[in-house]
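Q: My structure is stored as structure12.tsv, with TSV, C-alpha atoms.
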```
chain	number	residue	atom	x	y	z
A	1	MET	CA	-2.35	-26.15	12.90
A	2	ARG	CA	-3.39	-22.88	11.29
A	3	ARG	CA	-1.63	-21.87	8.11
A	4	LYS	CA	1.13	-19.28	8.51
A	5	GLU	CA	-0.93	-16.68	6.56
A	6	ASP	CA	-3.90	-17.24	8.90
A	7	ARG	CA	-1.68	-16.90	11.97
A	8	THR	CA	-0.20	-13.67	10.61
A	9	ASN	CA	-3.66	-12.19	10.14
A	10	GLN	CA	-4.78	-13.27	13.61
A	11	ILE	CA	-1.63	-11.89	15.26
A	12	LEU	CA	-2.20	-8.55	13.56
A	13	GLU	CA	-5.87	-8.50	14.59
A	14	LEU	CA	-4.86	-9.16	18.20
A	15	LEU	CA	-2.18	-6.47	18.12
A	16	VAL	CA	-4.54	-3.90	16.63
A	17	LYS	CA	-6.66	-4.42	19.77
A	18	GLU	CA	-3.96	-4.91	22.39
A	19	LYS	CA	-1.01	-3.00	20.84
A	20	LYS	CA	1.47	-5.31	22.59
A	21	LEU	CA	1.46	-9.06	23.40
A	22	ASP	CA	4.16	-11.40	24.62
A	23	VAL	CA	5.07	-14.70	22.97
A	24	ALA	CA	3.36	-16.81	25.65
A	25	GLU	CA	0.06	-14.93	25.21
A	26	LEU	CA	0.19	-15.31	21.45
A	27	SER	CA	1.04	-19.00	21.76
A	28	ALA	CA	-2.05	-19.54	23.95
A	29	HIS	CA	-4.30	-17.50	21.61
A	30	LEU	CA	-3.14	-19.34	18.49
A	31	GLY	CA	-2.80	-22.83	19.92
A	32	VAL	CA	0.74	-23.27	18.58
A	33	SER	CA	4.15	-23.55	20.22
A	34	GLN	CA	6.18	-20.55	21.31
A	35	VAL	CA	8.85	-21.63	18.82
A	36	THR	CA	6.31	-21.33	16.00
A	37	VAL	CA	5.16	-17.94	17.28
A	38	ARG	CA	8.75	-16.66	17.41
A	39	LYS	CA	9.31	-17.78	13.80
A	40	ASP	CA	6.11	-16.03	12.73
A	41	LEU	CA	7.11	-12.86	14.55
A	42	ASP	CA	10.58	-12.91	13.01
A	43	ALA	CA	9.02	-13.12	9.54
A	44	MET	CA	6.53	-10.35	10.35
A	45	GLU	CA	9.28	-8.09	11.67
A	46	ALA	CA	11.26	-8.68	8.46
A	47	GLN	CA	8.16	-7.53	6.53
A	48	GLY	CA	7.98	-4.40	8.64
A	49	LEU	CA	4.60	-5.32	10.15
A	50	ILE	CA	5.66	-5.39	13.81
A	51	THR	CA	8.55	-4.61	16.14
A	52	ARG	CA	10.03	-7.14	18.56
A	53	GLU	CA	10.64	-6.01	22.15
A	54	HIS	CA	12.02	-8.28	24.92
A	55	GLY	CA	9.94	-11.35	24.09
A	56	SER	CA	6.94	-9.32	22.97
A	57	ALA	CA	5.44	-8.13	19.71
A	58	VAL	CA	4.49	-4.46	19.33
A	59	LEU	CA	2.44	-2.90	16.57
A	60	SER	CA	4.28	-0.02	14.96
A	61	SER	CA	2.87	3.50	15.13
A	62	THR	CA	0.40	4.42	12.37
A	63	ASP	CA	2.44	7.61	11.90
A	64	ASP	CA	5.02	5.30	10.32
A	65	ILE	CA	4.34	3.46	7.06
A	66	LYS	CA	5.42	0.20	8.71
A	67	GLY	CA	2.58	0.60	11.19
A	68	ARG	CA	0.06	1.34	8.45
A	69	LEU	CA	0.96	-1.91	6.70
A	70	ALA	CA	-0.51	-3.86	9.63
A	71	TYR	CA	-3.97	-2.25	9.57
A	72	HIS	CA	-6.42	-4.18	7.36
A	73	TYR	CA	-3.38	-6.18	6.26
A	74	GLU	CA	-5.34	-9.04	4.67
A	75	GLU	CA	-7.54	-6.69	2.61
A	76	LYS	CA	-4.49	-4.72	1.49
A	77	ARG	CA	-2.59	-7.89	0.59
A	78	ARG	CA	-5.47	-9.16	-1.54
A	79	ILE	CA	-5.85	-5.78	-3.23
A	80	ALA	CA	-2.12	-5.86	-4.00
A	81	LEU	CA	-2.34	-9.37	-5.46
A	82	ARG	CA	-5.24	-8.30	-7.71
A	83	ALA	CA	-3.25	-5.28	-8.87
A	84	ALA	CA	-0.26	-7.49	-9.61
A	85	GLU	CA	-2.38	-9.31	-12.21
A	86	LEU	CA	-2.29	-6.13	-14.30
A	87	VAL	CA	1.51	-6.23	-14.55
A	88	LYS	CA	3.53	-8.54	-16.79
A	89	ASP	CA	7.16	-9.61	-16.64
A	90	GLY	CA	9.41	-6.89	-18.04
A	91	ASP	CA	6.91	-4.03	-17.61
A	92	THR	CA	7.86	-0.54	-16.50
A	93	ILE	CA	5.46	0.89	-13.93
A	94	MET	CA	5.25	3.84	-11.56
A	95	VAL	CA	4.25	3.31	-7.91
A	96	GLU	CA	3.52	6.00	-5.33
A	97	SER	CA	4.07	5.67	-1.59
A	98	GLY	CA	1.45	3.98	0.60
A	99	SER	CA	0.80	0.68	2.34
A	100	CYS	CA	-1.23	-0.93	-0.48
A	101	CYS	CA	1.43	0.18	-2.94
A	102	ALA	CA	4.20	-1.28	-0.77
A	103	LEU	CA	2.37	-4.61	-0.68
A	104	LEU	CA	1.92	-4.43	-4.47
A	105	ALA	CA	5.68	-4.01	-4.84
A	106	ALA	CA	6.22	-7.01	-2.55
A	107	ALA	CA	3.71	-9.10	-4.53
A	108	LEU	CA	5.41	-8.20	-7.80
A	109	ALA	CA	8.81	-9.08	-6.32
A	110	GLU	CA	7.43	-12.55	-5.58
A	111	LEU	CA	5.47	-13.09	-8.79
A	112	ARG	CA	7.19	-11.14	-11.58
A	113	SER	CA	10.66	-10.65	-13.00
A	114	GLY	CA	12.44	-7.97	-14.97
A	115	ILE	CA	10.20	-5.13	-13.77
A	116	THR	CA	11.40	-1.53	-13.86
A	117	LEU	CA	9.75	0.18	-10.90
A	118	ILE	CA	9.78	3.98	-10.71
A	119	THR	CA	8.80	5.34	-7.29
A	120	ASN	CA	9.11	8.33	-4.98
A	121	SER	CA	9.01	5.97	-1.97
A	122	ALA	CA	12.33	5.26	-0.28
A	123	PHE	CA	10.46	2.74	1.87
A	124	ILE	CA	9.31	0.71	-1.15
A	125	ALA	CA	12.77	0.82	-2.72
A	126	ASP	CA	14.24	-0.63	0.48
A	127	TYR	CA	11.30	-2.97	1.15
A	128	ILE	CA	11.90	-5.11	-1.95
A	129	ARG	CA	15.61	-4.60	-2.56
A	130	ARG	CA	16.61	-8.06	-1.31
A	131	SER	CA	13.70	-9.96	-2.86
A	132	SER	CA	13.61	-8.91	-6.50
A	133	ASP	CA	15.65	-8.57	-9.65
A	134	PHE	CA	13.89	-5.30	-10.43
A	135	GLN	CA	15.51	-2.14	-11.66
A	136	ILE	CA	14.33	0.39	-9.07
A	137	ILE	CA	14.41	4.07	-10.01
A	138	LEU	CA	13.98	6.31	-6.96
A	139	LEU	CA	12.80	9.82	-7.81
A	140	GLY	CA	14.61	12.61	-5.97
A	141	GLY	CA	13.12	15.25	-3.73
A	142	ILE	CA	12.62	16.38	-0.14
A	143	TYR	CA	12.58	13.38	2.20
A	144	GLN	CA	9.55	13.05	4.52
A	145	GLN	CA	10.85	10.87	7.35
A	146	ASP	CA	7.62	9.32	8.70
A	147	ALA	CA	6.26	8.31	5.29
A	148	GLN	CA	9.79	7.71	3.89
A	149	VAL	CA	8.71	9.40	0.67
A	150	MET	CA	10.19	12.04	-1.64
A	151	VAL	CA	8.16	15.19	-2.28
A	152	GLY	CA	8.72	18.67	-3.70
A	153	PRO	CA	9.50	20.12	-7.15
A	154	MET	CA	12.39	17.74	-7.82
A	155	VAL	CA	9.91	14.85	-7.99
A	156	ARG	CA	8.30	16.43	-11.04
A	157	GLN	CA	11.66	17.19	-12.65
A	158	CYS	CA	12.73	13.55	-12.23
A	159	ALA	CA	9.36	12.09	-13.29
A	160	GLU	CA	9.40	14.09	-16.53
A	161	ASN	CA	12.17	11.77	-17.76
A	162	PHE	CA	9.73	8.85	-17.96
A	163	TRP	CA	6.42	7.83	-19.51
A	164	VAL	CA	4.57	4.73	-18.27
A	165	ASP	CA	1.31	2.97	-19.01
A	166	ARG	CA	0.30	2.43	-15.36
A	167	PHE	CA	0.76	4.47	-12.20
A	168	PHE	CA	-0.44	2.86	-8.95
A	169	ILE	CA	-1.43	5.13	-6.06
A	170	GLY	CA	-3.04	5.03	-2.63
A	171	VAL	CA	-5.54	7.60	-1.36
A	172	ASP	CA	-6.74	8.85	2.02
A	173	GLY	CA	-10.34	9.44	1.02
A	174	TRP	CA	-12.98	10.19	-1.61
A	175	SER	CA	-16.22	12.08	-2.03
A	176	GLU	CA	-18.41	12.90	-5.00
A	177	LYS	CA	-17.59	16.58	-4.54
A	178	THR	CA	-13.82	16.37	-4.13
A	179	ASP	CA	-13.09	13.06	-5.87
A	180	PHE	CA	-9.91	11.37	-4.52
A	181	THR	CA	-8.08	13.14	-1.71
A	182	ASN	CA	-4.92	13.07	0.37
A	183	GLN	CA	-4.11	14.47	3.81
A	184	ASP	CA	-0.71	15.90	2.87
A	185	GLN	CA	-0.28	18.76	0.39
A	186	MET	CA	3.28	17.87	-0.57
A	187	ARG	CA	2.52	14.21	-1.14
A	188	ALA	CA	-0.63	15.14	-3.11
A	189	GLN	CA	1.44	17.35	-5.40
A	190	ALA	CA	3.93	14.53	-5.94
A	191	VAL	CA	1.04	12.28	-7.02
A	192	ARG	CA	-0.18	14.93	-9.48
A	193	ASP	CA	3.31	15.38	-10.91
A	194	MET	CA	3.85	11.65	-11.37
A	195	ALA	CA	0.35	11.16	-12.81
A	196	ARG	CA	1.22	13.55	-15.66
A	197	GLN	CA	3.69	10.93	-16.88
A	198	ALA	CA	1.25	7.98	-17.05
A	199	ASP	CA	-1.47	6.87	-19.43
A	200	ARG	CA	-3.66	5.68	-16.59
A	201	VAL	CA	-3.78	5.91	-12.83
A	202	ILE	CA	-4.88	2.89	-10.77
A	203	VAL	CA	-6.09	3.49	-7.21
A	204	LEU	CA	-5.44	0.79	-4.59
A	205	THR	CA	-7.42	1.31	-1.37
A	206	GLU	CA	-9.66	-0.35	1.21
A	207	SER	CA	-13.36	0.39	0.88
A	208	GLU	CA	-13.48	2.29	4.19
A	209	LYS	CA	-11.57	5.16	2.53
A	210	PHE	CA	-14.72	5.90	0.51
A	211	SER	CA	-16.51	6.90	3.72
A	212	ARG	CA	-13.99	9.64	4.55
A	213	HIS	CA	-12.16	12.35	2.68
A	214	GLY	CA	-8.86	14.11	3.10
A	215	THR	CA	-8.32	17.84	3.01
A	216	VAL	CA	-6.33	17.97	-0.24
A	217	PRO	CA	-8.06	17.03	-3.54
A	218	LEU	CA	-5.73	15.16	-5.87
A	219	ASN	CA	-7.34	16.79	-8.93
A	220	LEU	CA	-6.52	13.89	-11.21
A	221	LYS	CA	-9.43	14.70	-13.55
A	222	ASP	CA	-9.77	11.88	-16.11
A	223	ARG	CA	-6.51	10.11	-15.29
A	224	VAL	CA	-7.93	7.56	-12.82
A	225	LYS	CA	-9.10	4.60	-14.91
A	226	THR	CA	-9.32	1.80	-12.34
A	227	VAL	CA	-10.00	1.35	-8.63
A	228	ILE	CA	-9.10	-1.89	-6.85
A	229	THR	CA	-10.77	-2.31	-3.47
A	230	ASP	CA	-12.64	-4.82	-1.31
A	231	GLN	CA	-16.24	-5.93	-1.66
A	232	LYS	CA	-17.50	-3.72	1.16
A	233	ILE	CA	-17.52	-0.71	-1.15
A	234	ALA	CA	-21.01	0.85	-1.20
A	235	GLU	CA	-23.09	0.35	-4.32
A	236	GLN	CA	-23.72	4.10	-4.68
A	237	VAL	CA	-19.97	4.72	-4.67
A	238	THR	CA	-19.42	2.08	-7.36
A	239	THR	CA	-22.16	3.73	-9.43
A	240	ALA	CA	-20.65	7.19	-8.95
A	241	LEU	CA	-17.22	5.93	-10.02
A	242	ALA	CA	-18.70	4.14	-13.05
A	243	ASP	CA	-20.43	7.39	-14.07
A	244	ARG	CA	-16.96	8.95	-14.21
A	245	GLY	CA	-15.74	6.13	-16.46
A	246	ILE	CA	-13.77	4.40	-13.70
A	247	GLU	CA	-13.61	0.60	-13.63
A	248	VAL	CA	-14.03	-0.88	-10.13
A	249	LEU	CA	-12.37	-4.23	-9.40
A	250	THR	CA	-13.22	-5.85	-6.06
A	251	ILE	CA	-11.50	-8.64	-4.17
```
Show me, as structure tokens, the structure contained in the file I just sent.

A:
Amino acid sequence: MRRKEDRTNQILELLVKEKKLDVAELSAHLGVSQVTVRKDLDAMEAQGLITREHGSAVLSSTDDIKGRLAYHYEEKRRIALRAAELVKDGDTIMVESGSCCALLAAALAELRSGITLITNSAFIADYIRRSSDFQIILLGGIYQQDAQVMVGPMVRQCAENFWVDRFFIGVDGWSEKTDFTNQDQMRAQAVRDMARQADRVIVLTESEKFSRHGTVPLNLKDRVKTVITDQKIAEQVTTALADRGIEVLTI
């Protein structure tokens, strides 16, 4: 029988293609019982990866952060686990909204204790609230419903009360001309405001983001110190990042 982690990845791959599959179809695809499939789907729904509908599994919309968690899930999970190695028990860190960042928070909840986690993501705060002993500090602001994230000038006012060593962020794209980018102006400004309160910014993203760029430059200048991504990152991109003094860690 396939390991549960392998089945989760295969279910997500199937749903990315088909969008919706019933339990019987998944059972036949995976070669396991329908009881096992239902248990897997229950666990995946609890993680926010899918939605259950009348004996079927449905992939959430990519407009919702829960839906974005499912895309390239295995790469994002491994990126998150590598990032978790940079955090020790008892650390205080800042984490921005995004699917890789949410999986980092989940990995830390499983692997670390006594963390103080400062975030503008209501989703992340809720995502790990039952699975950690962390002190979670949720920055205030205007609530964006789809991303479940706080934005606006209050984010900066709240962030100015803290100083951290590491700030973990996601990005929507990159180019040599624009550097790291986002698609949303308000979320980009929140990242800038939070980055002012950190010694170093660590980018968590899949390598495919380096082949696209968003419309809003993050303008983080010399604050990004590390990028954690998968091994498909192009050599010329790694070289360009290294020329800017950015360490690239691949999984």

Q: The residues within 6 Å of (-6.6, 2.8, -10.7), using all atoms listed in the file and the coordinates of the file, should be reported as a PyMOL selection string; which are they?

A: chain A and resi 201-203+224-227

Q: For the selection just defined, write its residues with C-alpha atoms to a file, as a PDB file, in the frame of the given file.

A:
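out_21.pdb was written with the following content:
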```pdb
ATOM      1  CA  VAL A 201      -3.780   5.910 -12.830  1.00  0.00           C
ATOM      2  CA  ILE A 202      -4.880   2.890 -10.770  1.00  0.00           C
ATOM      3  CA  VAL A 203      -6.090   3.490  -7.210  1.00  0.00           C
ATOM      4  CA  VAL A 224      -7.930   7.560 -12.820  1.00  0.00           C
ATOM      5  CA  LYS A 225      -9.100   4.600 -14.910  1.00  0.00           C
ATOM      6  CA  THR A 226      -9.320   1.800 -12.340  1.00  0.00           C
ATOM      7  CA  VAL A 227     -10.000   1.350  -8.630  1.00  0.00           C
TER       8      VAL A 227
END
```

Q: Find the distance between CA of Leu103 (chain A) and CA of Ala80 (chain A) and write it in Å to one decimal.

A: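 Separation between CA of Leu103 (chain A) and CA of Ala80 (chain A): 5.7 Å.
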
Q: Around the point (7.7, -1.3, -18.1) (coordinates from the file), which residues reach within 12 Å if we count all atoms listed in the file? Answer as a list in words.

A: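 Those residues lying close to the given coordinates are Leu86, Val87, Lys88, Asp89, Gly90, Asp91, Thr92, Ile93, Met94, Val95, Arg112, Ser113, Gly114, Ile115, Thr116, Leu117, Ile118, Phe134, Gln135, Ile136, Ile137, Phe162, Trp163, Val164, Asp165, Arg166, Phe167 and Ala198 of chain A.
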
Q: Could you take the residues named above and write them with C-alpha atoms, as a short mmCIF file (atom, residue, chain, number, x, y, z; two decimals), keeping the file's coordinate frame?

A:
```cif
data_model
loop_
_atom_site.label_atom_id
_atom_site.label_comp_id
_atom_site.auth_asym_id
_atom_site.auth_seq_id
_atom_site.Cartn_x
_atom_site.Cartn_y
_atom_site.Cartn_z
CA LEU A 86 -2.29 -6.13 -14.30
CA VAL A 87 1.51 -6.23 -14.55
CA LYS A 88 3.53 -8.54 -16.79
CA ASP A 89 7.16 -9.61 -16.64
CA GLY A 90 9.41 -6.89 -18.04
CA ASP A 91 6.91 -4.03 -17.61
CA THR A 92 7.86 -0.54 -16.50
CA ILE A 93 5.46 0.89 -13.93
CA MET A 94 5.25 3.84 -11.56
CA VAL A 95 4.25 3.31 -7.91
CA ARG A 112 7.19 -11.14 -11.58
CA SER A 113 10.66 -10.65 -13.00
CA GLY A 114 12.44 -7.97 -14.97
CA ILE A 115 10.20 -5.13 -13.77
CA THR A 116 11.40 -1.53 -13.86
CA LEU A 117 9.75 0.18 -10.90
CA ILE A 118 9.78 3.98 -10.71
CA PHE A 134 13.89 -5.30 -10.43
CA GLN A 135 15.51 -2.14 -11.66
CA ILE A 136 14.33 0.39 -9.07
CA ILE A 137 14.41 4.07 -10.01
CA PHE A 162 9.73 8.85 -17.96
CA TRP A 163 6.42 7.83 -19.51
CA VAL A 164 4.57 4.73 -18.27
CA ASP A 165 1.31 2.97 -19.01
CA ARG A 166 0.30 2.43 -15.36
CA PHE A 167 0.76 4.47 -12.20
CA ALA A 198 1.25 7.98 -17.05
#
```

Q: Can you tell me how far CA of Asn219 (chain A) sits from CA of Ala195 (chain A), in Å to one decimal?

A: 10.3 Å

Q: Find the residue from A:Gln157, A:Thr8, A:Thr119, A:Thr36 that sits nearest to Glu74 (chain A); use all atoms listed in the file when measuring.

A: A:Thr8

Q: Provide the CA of Ser56 (chain A) to CA of Arg38 (chain A) distance in Å, to one decimal place.

A: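 The value is 9.4 Å.
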
Q: Using all atoms listed in the file for the distances, tell me which of A:Val23, A:Ala190, A:Ala147, A:Ala28 is nearest to Asp40 (chain A).

A: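 Ranked by minimum distance to Asp40 (chain A), first place goes to A:Val23.
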
Q: Using all atoms of region 12-25 of chain A that appear in the file, construct an axis-aligned enclosing box with 5 Å of padding on every side and provide its centre coordinates and edge lengths in Å, rounded to one decimal, as JSON.

A:
```
{"center_x": -0.8, "center_y": -9.9, "center_z": 19.6, "size_x": 21.7, "size_y": 23.8, "size_z": 22.1}
```

Q: Counting all atoms listed in the file, which of A:Gln47, A:Ser97, A:Ile169, A:Glu176 gets nearest to Ala242 (chain A)?

A: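 Nearest to Ala242 (chain A): A:Glu176.
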